[in-house]
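Engineer: This is the content of query.cif (mmCIF, C-alpha atoms):
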```cif
data_protein
loop_
_atom_site.label_atom_id
_atom_site.label_comp_id
_atom_site.auth_asym_id
_atom_site.auth_seq_id
_atom_site.Cartn_x
_atom_site.Cartn_y
_atom_site.Cartn_z
CA MET A 1 198.98 278.56 99.59
CA SER A 2 197.22 281.11 97.40
CA ASP A 3 196.24 279.12 94.31
CA TYR A 4 193.72 276.38 95.01
CA PRO A 5 193.10 273.96 92.16
CA SER A 6 189.34 274.41 92.57
CA ILE A 7 186.98 277.24 93.46
CA VAL A 8 184.63 275.09 95.57
CA LEU A 9 187.66 273.80 97.46
CA GLU A 10 188.84 277.36 98.04
CA GLN A 11 185.40 278.44 99.26
CA ALA A 12 185.20 275.52 101.68
CA VAL A 13 188.71 276.29 102.98
CA ASN A 14 187.84 279.97 103.43
CA GLN A 15 184.71 279.06 105.38
CA MET A 16 186.64 276.65 107.59
CA ALA A 17 189.37 279.26 108.13
CA SER A 18 186.72 281.77 109.26
CA LEU A 19 186.47 279.82 112.52
CA PRO A 20 188.52 281.36 115.35
CA GLY A 21 191.97 279.82 115.67
CA VAL A 22 191.80 277.89 112.41
CA GLY A 23 194.44 278.94 109.86
CA LYS A 24 194.38 278.31 106.11
CA ARG A 25 196.67 275.32 106.31
CA THR A 26 194.62 273.60 109.04
CA ALA A 27 191.43 274.53 107.19
CA LEU A 28 192.71 272.80 104.04
CA ARG A 29 193.58 269.68 106.04
CA LEU A 30 190.11 269.60 107.63
CA VAL A 31 188.35 270.20 104.30
CA LEU A 32 190.33 267.43 102.60
CA HIS A 33 189.39 265.16 105.50
CA LEU A 34 185.72 265.97 104.87
CA LEU A 35 186.21 265.30 101.16
CA ARG A 36 187.27 261.75 101.98
CA GLN A 37 184.06 261.10 103.94
CA SER A 38 180.86 259.73 102.40
CA ASP A 39 178.18 261.98 100.90
CA GLN A 40 175.91 261.23 103.85
CA ASP A 41 178.57 262.15 106.38
CA VAL A 42 179.30 265.49 104.73
CA GLU A 43 175.56 266.13 104.46
CA ALA A 44 175.20 265.41 108.19
CA PHE A 45 178.16 267.65 108.96
CA ALA A 46 176.80 270.64 107.02
CA GLY A 47 173.21 269.96 108.12
CA ALA A 48 174.10 270.09 111.81
CA PHE A 49 175.11 273.76 111.55
CA THR A 50 172.12 274.81 109.45
CA ARG A 51 169.81 273.11 111.95
CA LEU A 52 171.73 274.62 114.86
CA LYS A 53 171.06 278.15 113.67
CA LYS A 54 167.46 277.43 112.64
CA ASP A 55 166.24 275.31 115.54
CA ILE A 56 168.09 276.65 118.54
CA VAL A 57 166.15 278.86 120.92
CA TYR A 58 167.05 280.54 124.17
CA CYS A 59 165.26 279.70 127.42
CA ARG A 60 162.86 282.53 128.27
CA GLU A 61 163.79 282.23 131.96
CA CYS A 62 167.56 281.88 132.10
CA HIS A 63 168.50 282.72 128.45
CA ASN A 64 170.58 279.58 128.17
CA ILE A 65 170.71 277.74 124.83
CA SER A 66 167.78 275.34 124.64
CA ASP A 67 165.72 273.18 122.31
CA SER A 68 162.46 274.62 123.59
CA ASP A 69 160.99 277.79 125.08
CA ILE A 70 162.08 276.68 128.55
CA CYS A 71 165.32 274.81 129.22
CA PRO A 72 165.47 271.49 131.11
CA ILE A 73 167.06 273.12 134.17
CA CYS A 74 164.39 275.83 134.48
CA ALA A 75 161.66 273.27 133.79
CA SER A 76 162.92 270.86 136.45
CA THR A 77 160.95 270.64 139.68
CA ARG A 78 163.96 269.09 141.39
CA ARG A 79 166.01 272.29 141.15
CA ASP A 80 165.98 275.04 143.75
CA HIS A 81 164.23 277.91 141.94
CA THR A 82 164.95 280.41 144.72
CA THR A 83 168.69 280.45 143.98
CA ILE A 84 169.99 282.02 140.74
CA CYS A 85 173.58 281.60 139.63
CA VAL A 86 174.59 284.42 137.24
CA VAL A 87 177.11 283.29 134.60
CA GLU A 88 178.63 284.75 131.47
CA ASN A 89 177.83 282.02 128.95
CA VAL A 90 176.68 278.48 128.12
CA GLN A 91 180.09 276.93 128.76
CA ASP A 92 179.99 278.23 132.33
CA VAL A 93 176.60 276.57 132.92
CA MET A 94 178.03 273.29 131.63
CA SER A 95 181.16 273.63 133.78
CA ILE A 96 179.16 274.29 136.96
CA GLU A 97 176.72 271.47 136.13
CA ASN A 98 179.69 269.14 135.75
CA THR A 99 180.80 269.84 139.33
CA GLY A 100 177.53 268.32 140.57
CA GLN A 101 177.65 270.84 143.45
CA TYR A 102 174.86 273.18 142.39
CA THR A 103 171.14 272.53 142.49
CA GLY A 104 169.73 276.00 141.80
CA VAL A 105 168.93 277.63 138.48
CA TYR A 106 171.00 279.91 136.22
CA HIS A 107 170.89 283.24 134.51
CA VAL A 108 173.09 283.48 131.40
CA LEU A 109 174.14 287.09 130.72
CA GLY A 110 175.57 286.33 127.27
CA GLY A 111 178.65 288.43 128.02
CA VAL A 112 180.11 290.83 130.58
CA ILE A 113 180.26 294.63 130.59
CA SER A 114 183.29 295.68 128.58
CA PRO A 115 183.70 299.31 127.52
CA MET A 116 186.74 298.26 125.48
CA GLU A 117 184.61 295.98 123.33
CA GLY A 118 181.64 298.33 123.41
CA ILE A 119 179.49 295.97 125.49
CA GLY A 120 177.28 297.94 127.85
CA PRO A 121 174.72 296.79 130.46
CA LYS A 122 171.93 296.97 127.84
CA ASP A 123 173.73 294.51 125.55
CA ILE A 124 173.60 291.67 128.06
CA GLU A 125 170.73 290.10 130.02
CA ILE A 126 170.90 292.30 133.14
CA ASP A 127 167.44 293.91 132.84
CA SER A 128 165.85 290.47 132.60
CA LEU A 129 167.80 289.35 135.70
CA VAL A 130 166.49 292.30 137.74
CA GLU A 131 162.95 291.65 136.46
CA ARG A 132 163.29 288.02 137.39
CA VAL A 133 164.47 288.79 140.91
CA ALA A 134 161.64 291.33 141.32
CA LYS A 135 158.96 288.96 140.02
CA GLU A 136 159.92 285.64 141.55
CA GLU A 137 160.74 284.81 145.12
CA ILE A 138 164.53 284.67 145.01
CA ARG A 139 166.53 284.03 148.15
CA GLU A 140 170.08 284.14 146.77
CA VAL A 141 171.83 285.49 143.70
CA ILE A 142 175.27 283.92 143.20
CA LEU A 143 177.61 285.96 141.01
CA ALA A 144 179.81 283.49 139.12
CA LEU A 145 181.41 285.77 136.54
CA PRO A 146 185.03 285.55 135.40
CA THR A 147 187.61 286.99 137.81
CA THR A 148 188.62 289.72 135.40
CA MET A 149 188.25 293.49 135.39
CA GLU A 150 185.13 293.09 133.20
CA GLY A 151 183.70 290.38 135.45
CA ASP A 152 184.26 292.51 138.56
CA THR A 153 182.67 295.54 136.90
CA THR A 154 179.63 293.47 135.93
CA ASN A 155 179.39 292.01 139.46
CA PHE A 156 179.39 295.49 140.94
CA TYR A 157 176.87 296.80 138.40
CA ILE A 158 174.46 293.93 139.10
CA TYR A 159 174.88 294.45 142.86
CA ARG A 160 173.96 298.16 142.54
CA ARG A 161 171.06 297.47 140.18
CA LEU A 162 169.55 294.94 142.59
CA GLN A 163 170.01 297.31 145.52
CA ASN A 164 168.28 300.15 143.64
CA ALA A 165 165.46 297.99 142.32
CA GLN A 166 163.23 298.65 145.35
CA LEU A 167 162.55 294.97 145.80
CA GLN A 168 160.18 293.78 148.52
CA GLN A 169 163.01 291.74 149.92
CA LEU A 170 166.59 292.04 148.68
CA PRO A 171 168.01 288.54 148.10
CA CYS A 172 171.35 287.54 149.55
CA ILE A 173 173.99 288.40 146.92
CA SER A 174 177.09 286.19 147.00
CA GLN A 175 180.03 285.56 144.76
CA ILE A 176 182.00 282.40 144.10
CA ALA A 177 185.13 281.90 146.22
CA ARG A 178 188.41 283.13 144.85
CA GLY A 179 191.63 281.68 146.14
CA VAL A 180 194.41 279.22 145.52
CA ALA A 181 193.27 276.53 143.08
CA VAL A 182 193.14 272.97 144.37
CA GLY A 183 196.49 271.25 143.68
CA ASN A 184 198.40 274.51 143.19
CA GLN A 185 201.64 275.39 144.97
CA LEU A 186 201.56 278.66 146.92
CA GLU A 187 204.86 279.84 145.43
CA TYR A 188 203.43 279.71 141.91
CA THR A 189 200.16 281.46 142.80
CA ASP A 190 200.00 285.13 141.78
CA GLU A 191 200.16 287.73 144.54
CA ILE A 192 196.63 289.08 144.13
CA THR A 193 195.07 285.63 144.36
CA LEU A 194 197.25 284.64 147.32
CA GLY A 195 196.52 287.96 149.06
CA ARG A 196 192.78 287.49 148.63
CA SER A 197 192.98 283.93 149.85
CA ILE A 198 194.47 285.19 153.11
CA VAL A 199 191.99 288.06 153.53
CA ASN A 200 189.05 285.79 152.72
CA ARG A 201 190.26 282.83 154.80
CA THR A 202 187.56 280.46 156.07
CA GLU A 203 187.26 278.54 159.31
CA PHE A 204 189.16 275.25 159.25
CA LYS A 205 186.92 272.24 159.68
CA ALA A 206 188.58 268.94 160.45
CA MET B 1 181.13 268.15 129.33
CA SER B 2 178.55 265.44 128.82
CA ASP B 3 175.24 267.24 129.28
CA TYR B 4 174.56 269.82 126.62
CA PRO B 5 171.56 272.06 127.21
CA SER B 6 170.29 271.35 123.70
CA ILE B 7 170.25 268.39 121.32
CA VAL B 8 170.92 270.45 118.19
CA LEU B 9 173.88 272.03 119.98
CA GLU B 10 175.19 268.62 120.94
CA GLN B 11 174.82 267.34 117.38
CA ALA B 12 176.66 270.35 115.98
CA VAL B 13 179.44 269.90 118.57
CA ASN B 14 179.73 266.19 117.75
CA GLN B 15 180.00 266.94 114.05
CA MET B 16 182.65 269.59 114.66
CA ALA B 17 184.54 267.24 116.96
CA SER B 18 184.55 264.58 114.21
CA LEU B 19 187.20 266.66 112.43
CA PRO B 20 190.75 265.41 113.07
CA GLY B 21 192.48 267.21 115.93
CA VAL B 22 189.33 268.97 117.15
CA GLY B 23 188.33 268.01 120.71
CA LYS B 24 184.92 268.46 122.31
CA ARG B 25 185.90 271.63 124.12
CA THR B 26 187.29 273.30 121.01
CA ALA B 27 184.28 272.05 119.02
CA LEU B 28 181.92 273.72 121.50
CA ARG B 29 183.87 276.98 121.23
CA LEU B 30 183.72 276.87 117.42
CA VAL B 31 180.01 276.00 117.37
CA LEU B 32 179.17 278.84 119.78
CA HIS B 33 181.16 281.14 117.53
CA LEU B 34 179.02 280.02 114.57
CA LEU B 35 175.90 280.57 116.63
CA ARG B 36 176.85 284.22 117.06
CA GLN B 37 177.10 284.72 113.28
CA SER B 38 174.21 285.78 111.06
CA ASP B 39 171.84 283.27 109.45
CA GLN B 40 173.39 283.99 106.04
CA ASP B 41 176.91 283.39 107.33
CA VAL B 42 176.02 280.03 108.87
CA GLU B 43 174.14 279.10 105.69
CA ALA B 44 177.24 279.97 103.66
CA PHE B 45 179.42 277.97 106.06
CA ALA B 46 177.29 274.84 105.85
CA GLY B 47 176.64 275.28 102.12
CA ALA B 48 180.33 275.38 101.26
CA PHE B 49 180.81 271.79 102.45
CA THR B 50 177.68 270.44 100.76
CA ARG B 51 178.77 272.08 97.50
CA LEU B 52 182.33 270.84 97.99
CA LYS B 53 181.24 267.23 98.08
CA LYS B 54 178.68 267.62 95.27
CA ASP B 55 180.57 269.79 92.79
CA ILE B 56 184.17 268.74 93.14
CA VAL B 57 185.60 266.52 90.42
CA TYR B 58 189.02 265.06 89.83
CA CYS B 59 191.06 265.92 86.75
CA ARG B 60 190.97 262.94 84.34
CA GLU B 61 194.65 263.49 83.50
CA CYS B 62 196.43 264.12 86.82
CA HIS B 63 193.65 263.19 89.31
CA ASN B 64 194.09 266.45 91.15
CA ILE B 65 191.02 268.13 92.68
CA SER B 66 189.39 270.31 90.06
CA ASP B 67 186.23 272.19 89.16
CA SER B 68 186.06 270.59 85.72
CA ASP B 69 186.97 267.41 83.88
CA ILE B 70 190.46 268.73 83.27
CA CYS B 71 192.36 270.88 85.77
CA PRO B 72 193.86 274.29 84.91
CA ILE B 73 197.42 272.90 85.05
CA CYS B 74 196.72 270.02 82.65
CA ALA B 75 194.71 272.35 80.38
CA SER B 76 197.47 274.96 80.22
CA THR B 77 199.49 275.17 76.99
CA ARG B 78 202.23 277.04 78.85
CA ARG B 79 203.15 273.97 80.95
CA ASP B 80 205.66 271.34 79.86
CA HIS B 81 203.48 268.28 79.25
CA THR B 82 206.46 265.96 78.78
CA THR B 83 207.44 266.16 82.47
CA ILE B 84 205.25 264.55 85.14
CA CYS B 85 205.79 265.17 88.82
CA VAL B 86 204.32 262.33 90.92
CA VAL B 87 202.98 263.52 94.29
CA GLU B 88 200.94 262.04 97.10
CA ASN B 89 198.15 264.61 97.39
CA VAL B 90 196.66 268.00 96.59
CA GLN B 91 198.62 269.83 99.28
CA ASP B 92 201.87 268.68 97.64
CA VAL B 93 200.76 270.10 94.28
CA MET B 94 199.99 273.41 95.99
CA SER B 95 203.32 273.41 97.84
CA ILE B 96 205.33 272.75 94.67
CA GLU B 97 203.32 275.34 92.72
CA ASN B 98 204.12 277.87 95.44
CA THR B 99 207.86 277.41 94.88
CA GLY B 100 207.42 278.73 91.34
CA GLN B 101 210.22 276.35 90.29
CA TYR B 102 208.23 273.77 88.35
CA THR B 103 206.65 274.17 84.93
CA GLY B 104 205.65 270.58 84.16
CA VAL B 105 202.43 268.74 84.98
CA TYR B 106 201.51 266.53 87.94
CA HIS B 107 200.15 263.11 88.77
CA VAL B 108 198.36 262.89 92.12
CA LEU B 109 198.47 259.35 93.54
CA GLY B 110 195.98 260.05 96.32
CA GLY B 111 198.15 258.22 98.86
CA VAL B 112 201.25 256.04 99.12
CA ILE B 113 201.60 252.28 99.41
CA SER B 114 201.22 251.36 103.08
CA PRO B 115 200.73 247.72 104.08
CA MET B 116 200.16 248.90 107.67
CA GLU B 117 197.14 250.91 106.60
CA GLY B 118 196.05 248.36 104.01
CA ILE B 119 196.80 250.64 101.05
CA GLY B 120 198.09 248.62 98.11
CA PRO B 121 199.21 249.71 94.63
CA LYS B 122 195.67 249.21 93.29
CA ASP B 123 194.23 251.68 95.81
CA ILE B 124 196.20 254.62 94.46
CA GLU B 125 196.57 256.07 90.95
CA ILE B 126 199.60 254.04 89.82
CA ASP B 127 197.94 252.16 86.92
CA SER B 128 196.77 255.45 85.44
CA LEU B 129 200.29 256.85 85.75
CA VAL B 130 201.78 253.91 83.84
CA GLU B 131 199.04 254.26 81.18
CA ARG B 132 199.73 257.95 80.90
CA VAL B 133 203.47 257.40 80.44
CA ALA B 134 202.77 254.69 77.84
CA LYS B 135 200.26 256.79 75.90
CA GLU B 136 201.83 260.22 75.94
CA GLU B 137 205.33 261.28 75.04
CA ILE B 138 206.85 261.72 78.49
CA ARG B 139 210.51 262.65 78.86
CA GLU B 140 210.84 262.73 82.64
CA VAL B 141 208.96 261.36 85.63
CA ILE B 142 209.91 263.16 88.86
CA LEU B 143 209.11 261.20 92.02
CA ALA B 144 208.21 263.75 94.72
CA LEU B 145 206.77 261.45 97.39
CA PRO B 146 207.34 261.88 101.14
CA THR B 147 210.74 260.74 102.44
CA THR B 148 209.22 257.99 104.55
CA MET B 149 209.32 254.21 104.38
CA GLU B 150 205.98 254.29 102.54
CA GLY B 151 207.14 256.98 100.14
CA ASP B 152 210.33 255.04 99.37
CA THR B 153 208.36 251.83 98.81
CA THR B 154 206.02 253.63 96.44
CA ASN B 155 208.95 255.24 94.60
CA PHE B 156 210.53 251.83 94.09
CA TYR B 157 207.25 250.23 93.02
CA ILE B 158 206.62 252.95 90.41
CA TYR B 159 210.18 252.63 89.14
CA ARG B 160 209.79 248.85 88.62
CA ARG B 161 206.35 249.20 87.05
CA LEU B 162 207.64 251.74 84.52
CA GLN B 163 210.67 249.54 83.73
CA ASN B 164 208.44 246.50 83.15
CA ALA B 165 205.84 248.38 81.13
CA GLN B 166 207.63 247.71 77.81
CA LEU B 167 207.46 251.35 76.85
CA GLN B 168 208.79 252.46 73.46
CA GLN B 169 211.10 254.79 75.31
CA LEU B 170 211.60 254.69 79.05
CA PRO B 171 211.44 258.26 80.42
CA CYS B 172 214.12 259.55 82.74
CA ILE B 173 213.01 258.77 86.30
CA SER B 174 214.28 261.21 88.92
CA GLN B 175 213.51 261.96 92.53
CA ILE B 176 213.56 265.23 94.44
CA ALA B 177 216.81 266.02 96.27
CA ARG B 178 217.10 264.96 99.89
CA GLY B 179 219.55 266.69 102.13
CA VAL B 180 220.06 269.30 104.79
CA ALA B 181 217.17 271.81 104.70
CA VAL B 182 218.03 275.40 103.86
CA GLY B 183 218.74 277.32 107.08
CA ASN B 184 219.36 274.20 109.17
CA GLN B 185 222.41 273.64 111.36
CA LEU B 186 224.35 270.46 110.59
CA GLU B 187 224.51 269.48 114.28
CA TYR B 188 220.71 269.35 114.51
CA THR B 189 220.24 267.40 111.28
CA ASP B 190 219.48 263.70 111.76
CA GLU B 191 222.22 261.22 110.83
CA ILE B 192 220.42 259.60 107.90
CA THR B 193 219.72 262.92 106.22
CA LEU B 194 223.25 264.19 106.85
CA GLY B 195 224.70 260.88 105.61
CA ARG B 196 222.69 261.06 102.41
CA SER B 197 223.62 264.68 101.86
CA ILE B 198 227.29 263.64 101.85
CA VAL B 199 226.77 260.63 99.58
CA ASN B 200 224.62 262.63 97.16
CA ARG B 201 226.78 265.75 97.18
CA THR B 202 226.60 267.96 94.11
CA GLU B 203 229.25 269.98 92.35
CA PHE B 204 229.82 273.39 93.92
CA LYS B 205 229.03 276.22 91.54
CA ALA B 206 230.19 279.67 92.51
#
```
Turn the structure described in the file into structure tokens.
Structural biologist:
Amino acid sequence: MSDYPSIVLEQAVNQMASLPGVGKRTALRLVLHLLRQSDQDVEAFAGAFTRLKKDIVYCRECHNISDSDICPICASTRRDHTTICVVENVQDVMSIENTGQYTGVYHVLGGVISPMEGIGPKDIEIDSLVERVAKEEIREVILALPTTMEGDTTNFYIYRRLQNAQLQQLPCISQIARGVAVGNQLEYTDEITLGRSIVNRTEFKA
Amino acid sequence: MSDYPSIVLEQAVNQMASLPGVGKRTALRLVLHLLRQSDQDVEAFAGAFTRLKKDIVYCRECHNISDSDICPICASTRRDHTTICVVENVQDVMSIENTGQYTGVYHVLGGVISPMEGIGPKDIEIDSLVERVAKEEIREVILALPTTMEGDTTNFYIYRRLQNAQLQQLPCISQIARGVAVGNQLEYTDEITLGRSIVNRTEFKA
């Protein structure tokens, strides 16, 4: 698949193949699909990404993606502004919102601490979280980071930072429950998860 | 995944998800990847598709995608212009070129006859093929369409059209060999293919 009949075609395929998980063959198929669409449709397709990069801003409170200086969740008076849920990225906000179980606000770190990838505490929004907790009246900080080594490290780092921040009142710091996923068989659950689910058992309510 | 935190993000995700085989979740992942790239990179990404639609032309001879009025293959004096290989689309041209086994020129139909999809002989480049065979001195027409019902129908239609075209000299009409793929086990080859490979056996040359 090295010789494309056209340079503009090749450039479009290369751009499409620059997306993660899209190979050259898939890229060609997608580009030829676009080529069959109307001029307006292709214009709209390309325009959406230019606009995305130009118009998107990050909420000054929670650092989530937003259309304006303050995101709808932070601007809402119906949300509980004394509870902050700390997440890694935008997708996590959307996933938690979809559960319909959370009424507080968020803080999007934009990553987790990962020495392997060279991401330190200064590269993600931890300072702004500590500032926020110090400035506002926060009752609870919920750590909802991924259950990985990096997530755990970041949880621990945030915990220590908040403890050392000499706050007037330290908020309650919690983390999301880890255990056997709903619908899962015990025999197929990994040992660490199953072990934790026993250690962190909760009172049965009928 | 219904509530995006931003309208421009949602629009970009919707555009990305309009590509075949790309779901909303994947689209979001791809769009967030783009968002992490530099302004120039996103500009180049979007620009490639606008340019694609604006600048691409089709070769007036073979109807393949091209940067100019005549594609490099049709313009080449090193190709055998008396042999035309009829294919469905651009990918097929690229695949055959990659074999390095073909030195003739092509004719890209842009589809195959498919009553189910409402594609008739007038919707694809069959008239131009017949004209081309009538006008130029063509010795062989190789039918290299997909081995499907639609491909077979199109093969047969082209064969009849060329026979009825009252050409000075009817070119040899051939089709690509169908049989057991190289490296395949006989037991896993479907019956029709295996049956044809026996009927259309060729002389063994040591």
Engineer: Just want the 9 Å neighbourhood of Thr83 (chain B), counted on all atoms listed in the file, with same-chain residues fewer than 6 positions away dropped. Output as a VMD selection string.
Structural biologist: chain B and resid 103 to 106 138 to 142
Engineer: Could you list, as a list in words, every residue within 9 Å of Asp123 (chain A), counting all atoms listed in the file and ignoring same-chain residues fewer than 4 positions away?
Structural biologist: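 Non-adjacent residues within range: Gly110, Gly111, Val112, Ile113 and Ile119 of chain A.
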Engineer: Would you mind reading off the distance between CA of Thr147 (chain A) and CA of Ala181 (chain A), one decimal, in Å?
Structural biologist: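 Value for the CA of Thr147 (chain A)-CA of Ala181 (chain A) distance: 13.0 Å.
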Engineer: So that I can check the surroundings of region 60-72 of chain B, please list as a PyMOL selection string every protein, DNA and RNA residue that reaches within 6 Å of it, counting all atoms listed in the file and ignoring chain neighbours fewer than 6 positions away.
Structural biologist: (chain A and resi 5-6) or (chain B and resi 106-108)
Engineer: Please return as a VMD selection string every residue within 9 Å of (183.6, 273.0, 103.5), taking into account only C-alpha atoms and the file's own coordinates.
Structural biologist: (chain A and resid 8 to 16 27 30 to 32 34 to 35 42 46) or (chain B and resid 45 to 53)
Engineer: Do you know which residues the PyMOL selection byres ((chain A and resi 162) around 12) returns on this file, as an MDAnalysis selection string?
Structural biologist: chainID A and resid 126:134 138 140:141 155:161 163:173
Engineer: Taking C-alpha atoms for each residue, export the selection above as a PDB file, in the coordinates of the input.
Structural biologist:
```pdb
ATOM      1  CA  ILE A 126     170.900 292.300 133.140  1.00  0.00           C
ATOM      2  CA  ASP A 127     167.440 293.910 132.840  1.00  0.00           C
ATOM      3  CA  SER A 128     165.850 290.470 132.600  1.00  0.00           C
ATOM      4  CA  LEU A 129     167.800 289.350 135.700  1.00  0.00           C
ATOM      5  CA  VAL A 130     166.490 292.300 137.740  1.00  0.00           C
ATOM      6  CA  GLU A 131     162.950 291.650 136.460  1.00  0.00           C
ATOM      7  CA  ARG A 132     163.290 288.020 137.390  1.00  0.00           C
ATOM      8  CA  VAL A 133     164.470 288.790 140.910  1.00  0.00           C
ATOM      9  CA  ALA A 134     161.640 291.330 141.320  1.00  0.00           C
ATOM     10  CA  ILE A 138     164.530 284.670 145.010  1.00  0.00           C
ATOM     11  CA  GLU A 140     170.080 284.140 146.770  1.00  0.00           C
ATOM     12  CA  VAL A 141     171.830 285.490 143.700  1.00  0.00           C
ATOM     13  CA  ASN A 155     179.390 292.010 139.460  1.00  0.00           C
ATOM     14  CA  PHE A 156     179.390 295.490 140.940  1.00  0.00           C
ATOM     15  CA  TYR A 157     176.870 296.800 138.400  1.00  0.00           C
ATOM     16  CA  ILE A 158     174.460 293.930 139.100  1.00  0.00           C
ATOM     17  CA  TYR A 159     174.880 294.450 142.860  1.00  0.00           C
ATOM     18  CA  ARG A 160     173.960 298.160 142.540  1.00  0.00           C
ATOM     19  CA  ARG A 161     171.060 297.470 140.180  1.00  0.00           C
ATOM     20  CA  GLN A 163     170.010 297.310 145.520  1.00  0.00           C
ATOM     21  CA  ASN A 164     168.280 300.150 143.640  1.00  0.00           C
ATOM     22  CA  ALA A 165     165.460 297.990 142.320  1.00  0.00           C
ATOM     23  CA  GLN A 166     163.230 298.650 145.350  1.00  0.00           C
ATOM     24  CA  LEU A 167     162.550 294.970 145.800  1.00  0.00           C
ATOM     25  CA  GLN A 168     160.180 293.780 148.520  1.00  0.00           C
ATOM     26  CA  GLN A 169     163.010 291.740 149.920  1.00  0.00           C
ATOM     27  CA  LEU A 170     166.590 292.040 148.680  1.00  0.00           C
ATOM     28  CA  PRO A 171     168.010 288.540 148.100  1.00  0.00           C
ATOM     29  CA  CYS A 172     171.350 287.540 149.550  1.00  0.00           C
ATOM     30  CA  ILE A 173     173.990 288.400 146.920  1.00  0.00           C
TER      31      ILE A 173
END
```
Engineer: My structure is short of atoms at region 2-16 of chain B; please model N, CA and C atoms there, returning them as a compact mmCIF listing (two decimals), in the coordinates of the input.
Structural biologist:
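Writing the result to part_21.txt gives the following:
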```txt
# COMPACT_ATOMS: atom_id res chain seq x y z
N SER B 2 179.42 266.44 129.45
CA SER B 2 178.55 265.44 128.82
C SER B 2 177.16 265.98 128.55
N ASP B 3 176.63 266.82 129.41
CA ASP B 3 175.24 267.24 129.28
C ASP B 3 175.11 268.59 128.60
N TYR B 4 174.78 268.56 127.33
CA TYR B 4 174.56 269.82 126.62
C TYR B 4 173.13 270.27 126.89
N PRO B 5 172.92 271.58 126.94
CA PRO B 5 171.56 272.06 127.21
C PRO B 5 170.61 271.87 126.04
N SER B 6 171.13 271.44 124.90
CA SER B 6 170.29 271.35 123.70
C SER B 6 170.79 270.23 122.80
N ILE B 7 169.86 269.50 122.19
CA ILE B 7 170.25 268.39 121.32
C ILE B 7 170.89 268.89 120.03
N VAL B 8 170.31 269.94 119.43
CA VAL B 8 170.92 270.45 118.19
C VAL B 8 172.33 270.98 118.45
N LEU B 9 172.53 271.57 119.62
CA LEU B 9 173.88 272.03 119.98
C LEU B 9 174.82 270.84 120.09
N GLU B 10 174.36 269.81 120.77
CA GLU B 10 175.19 268.62 120.94
C GLU B 10 175.55 268.00 119.60
N GLN B 11 174.56 267.92 118.70
CA GLN B 11 174.82 267.34 117.38
C GLN B 11 175.85 268.16 116.62
N ALA B 12 175.71 269.49 116.68
CA ALA B 12 176.66 270.35 115.98
C ALA B 12 178.06 270.18 116.58
N VAL B 13 178.14 270.08 117.91
CA VAL B 13 179.44 269.90 118.57
C VAL B 13 180.05 268.56 118.16
N ASN B 14 179.22 267.51 118.13
CA ASN B 14 179.73 266.19 117.75
C ASN B 14 180.26 266.19 116.32
N GLN B 15 179.54 266.87 115.44
CA GLN B 15 180.00 266.94 114.05
C GLN B 15 181.32 267.70 113.97
N MET B 16 181.41 268.80 114.69
CA MET B 16 182.65 269.59 114.66
C MET B 16 183.80 268.79 115.24
```
